[in-house]
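To keep things clear, I will list the structure first and then write my remarks on it.
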Amino acid sequence: LNPPAPGSFRADGMRHWAVVNMPDRCLYYAFRLGEDGRYTASGTGRQAQPGIHSWVEYGYESDKKSFSYTDVSIEDHEWEEGLPRFKRGKLNLTRPDGGIDRFQLEVVSEPVYMRAGGYADGWNDRLGRGVYRGELLVEGEVWDISHPVKVFDMDGNEIPQMSGGGSYAELSTVYTNLDDPSDTGVGILECVIMTEFEGVKGP
């Protein structure tokens with residue numbers, strides 16, 4: 001695994017990437033908050049552009065139009081035991097009409113770790129998250145994730161994290177609209193500290 005290139009989404013600071021199922025819509029967003037305090041877009045094909053990479057899509061039966069958020073800010077992020085594992089925080093997303101969707105984020109699961117997307121080095125790459133390939137082909141790993149950020153195999157050997165990429169783990173997270181608590185959904189969130197953020201250092 002190679003060190004991150006300067007300006008890439010793995011370069012520094014802290015990154016959010018999430019897909020959230022809300023009552024009437026699906027929300028995707030990705031951004032990186034650098035050590036210089038600037039928010040830049042993250043996600044496939046959108047690295048290093050100012051702001052946020054996002055998309056909001058309503059159900060087929062809705063007459064509401066899809067849109068992208070125009071800006072982002074965060075507040076009050078908390079970390080497990082001072083380690084780079086997200087626990088809770090607030091997220092502010094600016095709509096094109098100038099309004100702001102304010103969410104409280106609360107992690108409700110143990111992390112799902114990966115060193116790749118399940119297909120990076122082909123069949124049985126041992127990098128986490130296997131892919132279904134048929135009834136007779138099974139791919140996957142068994143890891144000890146009892147530590148907040150360190151991962152071990154079943155023989156007690158530590159599995160190294162991605163170089164410069166933070167501790168990659170996906171967390172089931174509840175998103176509650178602070179202005180309308182009935183507008184609550186659950187999503188998969190990667191909240192990754194690449195280097196250092198608010199005094200918390202990445203792996």
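Residue numbers start at 1 in each chain; chains themselves are named A, B, ... in the order of the structure tokens; ligands are numbered from 1 in the order shown.
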
| Can you list, as a VMD selection string, every residue of segment 25-72 of chain A that DSSP puts in strand (DSSP E)? | chain A and resid 25 to 33 39 to 41 53 to 58 71 to 72

Keeping only C-alpha atoms, write those residues as a compact mmCIF listing (two decimals), in the first residue's frame.
```txt
# COMPACT_ATOMS: atom_id res chain seq x y z
CA ARG A 25 -34.58 10.44 0.48
CA CYS A 26 -31.13 8.97 0.18
CA LEU A 27 -28.16 11.17 1.03
CA TYR A 28 -24.58 10.71 -0.14
CA TYR A 29 -21.74 13.03 0.82
CA ALA A 30 -17.95 13.07 1.08
CA PHE A 31 -15.51 15.74 2.20
CA ARG A 32 -12.11 16.19 3.78
CA LEU A 33 -11.25 18.77 6.43
CA TYR A 39 -13.05 21.76 3.47
CA THR A 40 -12.49 20.00 0.15
CA ALA A 41 -14.57 17.49 -1.76
CA HIS A 53 -19.12 16.17 -2.96
CA SER A 54 -22.78 15.21 -2.38
CA TRP A 55 -26.09 14.12 -3.86
CA VAL A 56 -29.61 13.93 -2.42
CA GLU A 57 -32.12 11.71 -4.23
CA TYR A 58 -35.84 11.42 -3.39
CA ASP A 71 -21.20 23.77 1.70
CA VAL A 72 -20.38 21.83 4.86
```

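Residues in contact range of Tyr175 of chain A, defined as at most 10 Å between only C-alpha atoms, with sequence neighbours fewer than 3 positions away removed, read Val20, Asn21, Met22, Gly89, Lys90, Leu91, Arg102, Phe103, Gln104, Leu105, Glu106, Val107, Ser172, Leu178, Pro181, Asp183, Thr184, Gly185, Val186 and Gly187 of chain A.
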
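Nearest residue to Val174 of chain A among A:Lys150, A:Glu196, A:Val108, A:Glu190 is A:Val108, counting only C-alpha atoms.
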
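Excluding Val112 of chain A itself and same-chain residues fewer than 5 positions from it, the residues having an atom within 7 Å of it are Ala169, Glu170 and Leu171 of chain A, counting only C-alpha atoms.
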
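Residues in contact with Asp144 of chain A at up to 9 Å, not including ones fewer than 5 positions away on its chain and judged by only C-alpha atoms, are Lys150, Val151, Phe152, Asp153, Met154 and Gly156 of chain A.
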
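Checking A:Glu139, A:Pro23, A:Ile74, A:Trp79 one by one against Asn92 of chain A, counting only C-alpha atoms, you find the shortest gap at A:Ile74.
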
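Restricting the calculation to only C-alpha atoms, the smallest distance between Val149 of chain A and any of A:Val19, A:Ile100, A:Ile193, A:Leu93 is found for A:Ile193.
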
Can you list, as a PyMOL selection string, every protein, DNA or RNA residue that comes within 8 Å of Leu83 of chain A when you count only C-alpha atoms, leaving out same-chain residues fewer than 5 positions away? chain A and resi 148-149+200-202

Write out, as a CSV table (one decimal), in the first residue's frame, the residues just selected, with N, CA and C atoms.
```csv
chain,number,residue,atom,x,y,z
A,148,PRO,N,-10.3,-0.3,20.0
A,148,PRO,CA,-11.0,0.7,19.2
A,148,PRO,C,-10.4,1.0,17.9
A,149,VAL,N,-9.1,0.8,17.6
A,149,VAL,CA,-8.6,1.1,16.3
A,149,VAL,C,-7.6,0.1,15.8
A,200,VAL,N,-6.1,14.5,17.9
A,200,VAL,CA,-6.2,13.0,17.8
A,200,VAL,C,-5.4,12.6,16.6
A,201,LYS,N,-4.5,11.7,16.8
A,201,LYS,CA,-3.6,11.3,15.7
A,201,LYS,C,-4.1,10.0,15.0
A,202,GLY,N,-4.0,10.0,13.7
A,202,GLY,CA,-4.3,8.7,13.0
A,202,GLY,C,-3.2,7.7,13.2
```

Identify, on the basis of only C-alpha atoms, every residue whose closest approach to Phe197 of chain A does not exceed 12 Å; exclude the query and any residue fewer than 3 positions from it along the same chain; express the result as an mmCIF file with N, CA and C atoms, in the first residue's frame.
```cif
data_model
loop_
_atom_site.group_PDB
_atom_site.id
_atom_site.type_symbol
_atom_site.label_atom_id
_atom_site.label_comp_id
_atom_site.auth_asym_id
_atom_site.auth_seq_id
_atom_site.Cartn_x
_atom_site.Cartn_y
_atom_site.Cartn_z
ATOM 1 N N ASP A 12 -4.236 14.455 4.314
ATOM 2 C CA ASP A 12 -4.104 14.922 5.688
ATOM 3 C C ASP A 12 -5.479 15.166 6.282
ATOM 4 N N GLY A 13 -5.489 15.541 7.570
ATOM 5 C CA GLY A 13 -6.732 15.929 8.215
ATOM 6 C C GLY A 13 -7.687 14.778 8.453
ATOM 7 N N MET A 14 -8.985 15.058 8.284
ATOM 8 C CA MET A 14 -10.052 14.112 8.603
ATOM 9 C C MET A 14 -11.042 14.047 7.446
ATOM 10 N N ARG A 15 -11.554 12.860 7.180
ATOM 11 C CA ARG A 15 -12.446 12.651 6.045
ATOM 12 C C ARG A 15 -13.757 12.023 6.493
ATOM 13 N N ARG A 32 -13.295 16.279 2.940
ATOM 14 C CA ARG A 32 -12.111 16.193 3.784
ATOM 15 C C ARG A 32 -11.870 17.551 4.417
ATOM 16 N N LEU A 33 -11.612 17.560 5.709
ATOM 17 C CA LEU A 33 -11.246 18.772 6.427
ATOM 18 C C LEU A 33 -9.755 18.704 6.698
ATOM 19 N N GLY A 34 -8.983 19.533 5.980
ATOM 20 C CA GLY A 34 -7.536 19.468 6.064
ATOM 21 C C GLY A 34 -6.979 20.102 7.317
ATOM 22 N N GLU A 35 -5.710 19.876 7.558
ATOM 23 C CA GLU A 35 -5.042 20.474 8.708
ATOM 24 C C GLU A 35 -5.003 21.990 8.609
ATOM 25 N N ASP A 36 -5.196 22.525 7.395
ATOM 26 C CA ASP A 36 -5.227 23.977 7.209
ATOM 27 C C ASP A 36 -6.616 24.564 7.447
ATOM 28 N N GLY A 37 -7.596 23.716 7.838
ATOM 29 C CA GLY A 37 -8.940 24.195 8.131
ATOM 30 C C GLY A 37 -9.851 24.315 6.927
ATOM 31 N N HIS A 77 -17.112 16.990 17.333
ATOM 32 C CA HIS A 77 -16.775 15.592 17.081
ATOM 33 C C HIS A 77 -16.109 14.987 18.317
ATOM 34 N N GLU A 78 -16.566 13.793 18.699
ATOM 35 C CA GLU A 78 -15.995 13.065 19.827
ATOM 36 C C GLU A 78 -15.402 11.757 19.320
ATOM 37 N N TRP A 79 -14.334 11.312 20.008
ATOM 38 C CA TRP A 79 -13.580 10.136 19.570
ATOM 39 C C TRP A 79 -13.468 9.143 20.714
ATOM 40 N N GLY A 82 -9.976 8.978 22.968
ATOM 41 C CA GLY A 82 -8.926 9.802 22.389
ATOM 42 C C GLY A 82 -8.227 9.171 21.208
ATOM 43 N N LEU A 83 -8.801 8.114 20.672
ATOM 44 C CA LEU A 83 -8.238 7.397 19.530
ATOM 45 C C LEU A 83 -9.035 7.751 18.273
ATOM 46 N N PRO A 84 -8.478 7.515 17.087
ATOM 47 C CA PRO A 84 -9.154 7.928 15.851
ATOM 48 C C PRO A 84 -10.323 7.019 15.466
ATOM 49 N N ARG A 85 -11.286 6.870 16.386
ATOM 50 C CA ARG A 85 -12.521 6.144 16.106
ATOM 51 C C ARG A 85 -13.687 7.051 16.466
ATOM 52 N N PHE A 86 -14.444 7.488 15.468
ATOM 53 C CA PHE A 86 -15.536 8.437 15.663
ATOM 54 C C PHE A 86 -16.616 7.859 16.573
ATOM 55 N N GLY A 166 -5.411 6.634 7.328
ATOM 56 C CA GLY A 166 -6.248 6.593 8.509
ATOM 57 C C GLY A 166 -6.680 5.174 8.822
ATOM 58 N N CYS A 191 -15.502 7.769 8.927
ATOM 59 C CA CYS A 191 -14.951 9.000 9.489
ATOM 60 C C CYS A 191 -13.501 8.694 9.831
ATOM 61 N N VAL A 192 -12.589 9.164 9.004
ATOM 62 C CA VAL A 192 -11.203 8.710 9.026
ATOM 63 C C VAL A 192 -10.270 9.873 9.325
ATOM 64 N N ILE A 193 -9.410 9.714 10.314
ATOM 65 C CA ILE A 193 -8.339 10.684 10.557
ATOM 66 C C ILE A 193 -7.101 10.207 9.813
ATOM 67 N N MET A 194 -6.640 11.031 8.856
ATOM 68 C CA MET A 194 -5.496 10.647 8.036
ATOM 69 C C MET A 194 -4.179 10.818 8.795
ATOM 70 N N VAL A 200 -6.148 14.486 17.893
ATOM 71 C CA VAL A 200 -6.222 13.028 17.777
ATOM 72 C C VAL A 200 -5.406 12.609 16.565
ATOM 73 N N LYS A 201 -4.475 11.693 16.768
ATOM 74 C CA LYS A 201 -3.590 11.273 15.690
ATOM 75 C C LYS A 201 -4.100 10.000 15.037
ATOM 76 N N GLY A 202 -3.964 9.950 13.713
ATOM 77 C CA GLY A 202 -4.297 8.748 12.976
ATOM 78 C C GLY A 202 -3.249 7.678 13.195
ATOM 79 N N PRO A 203 -3.534 6.462 12.746
ATOM 80 C CA PRO A 203 -2.591 5.352 12.957
ATOM 81 C C PRO A 203 -1.334 5.500 12.112
#
```
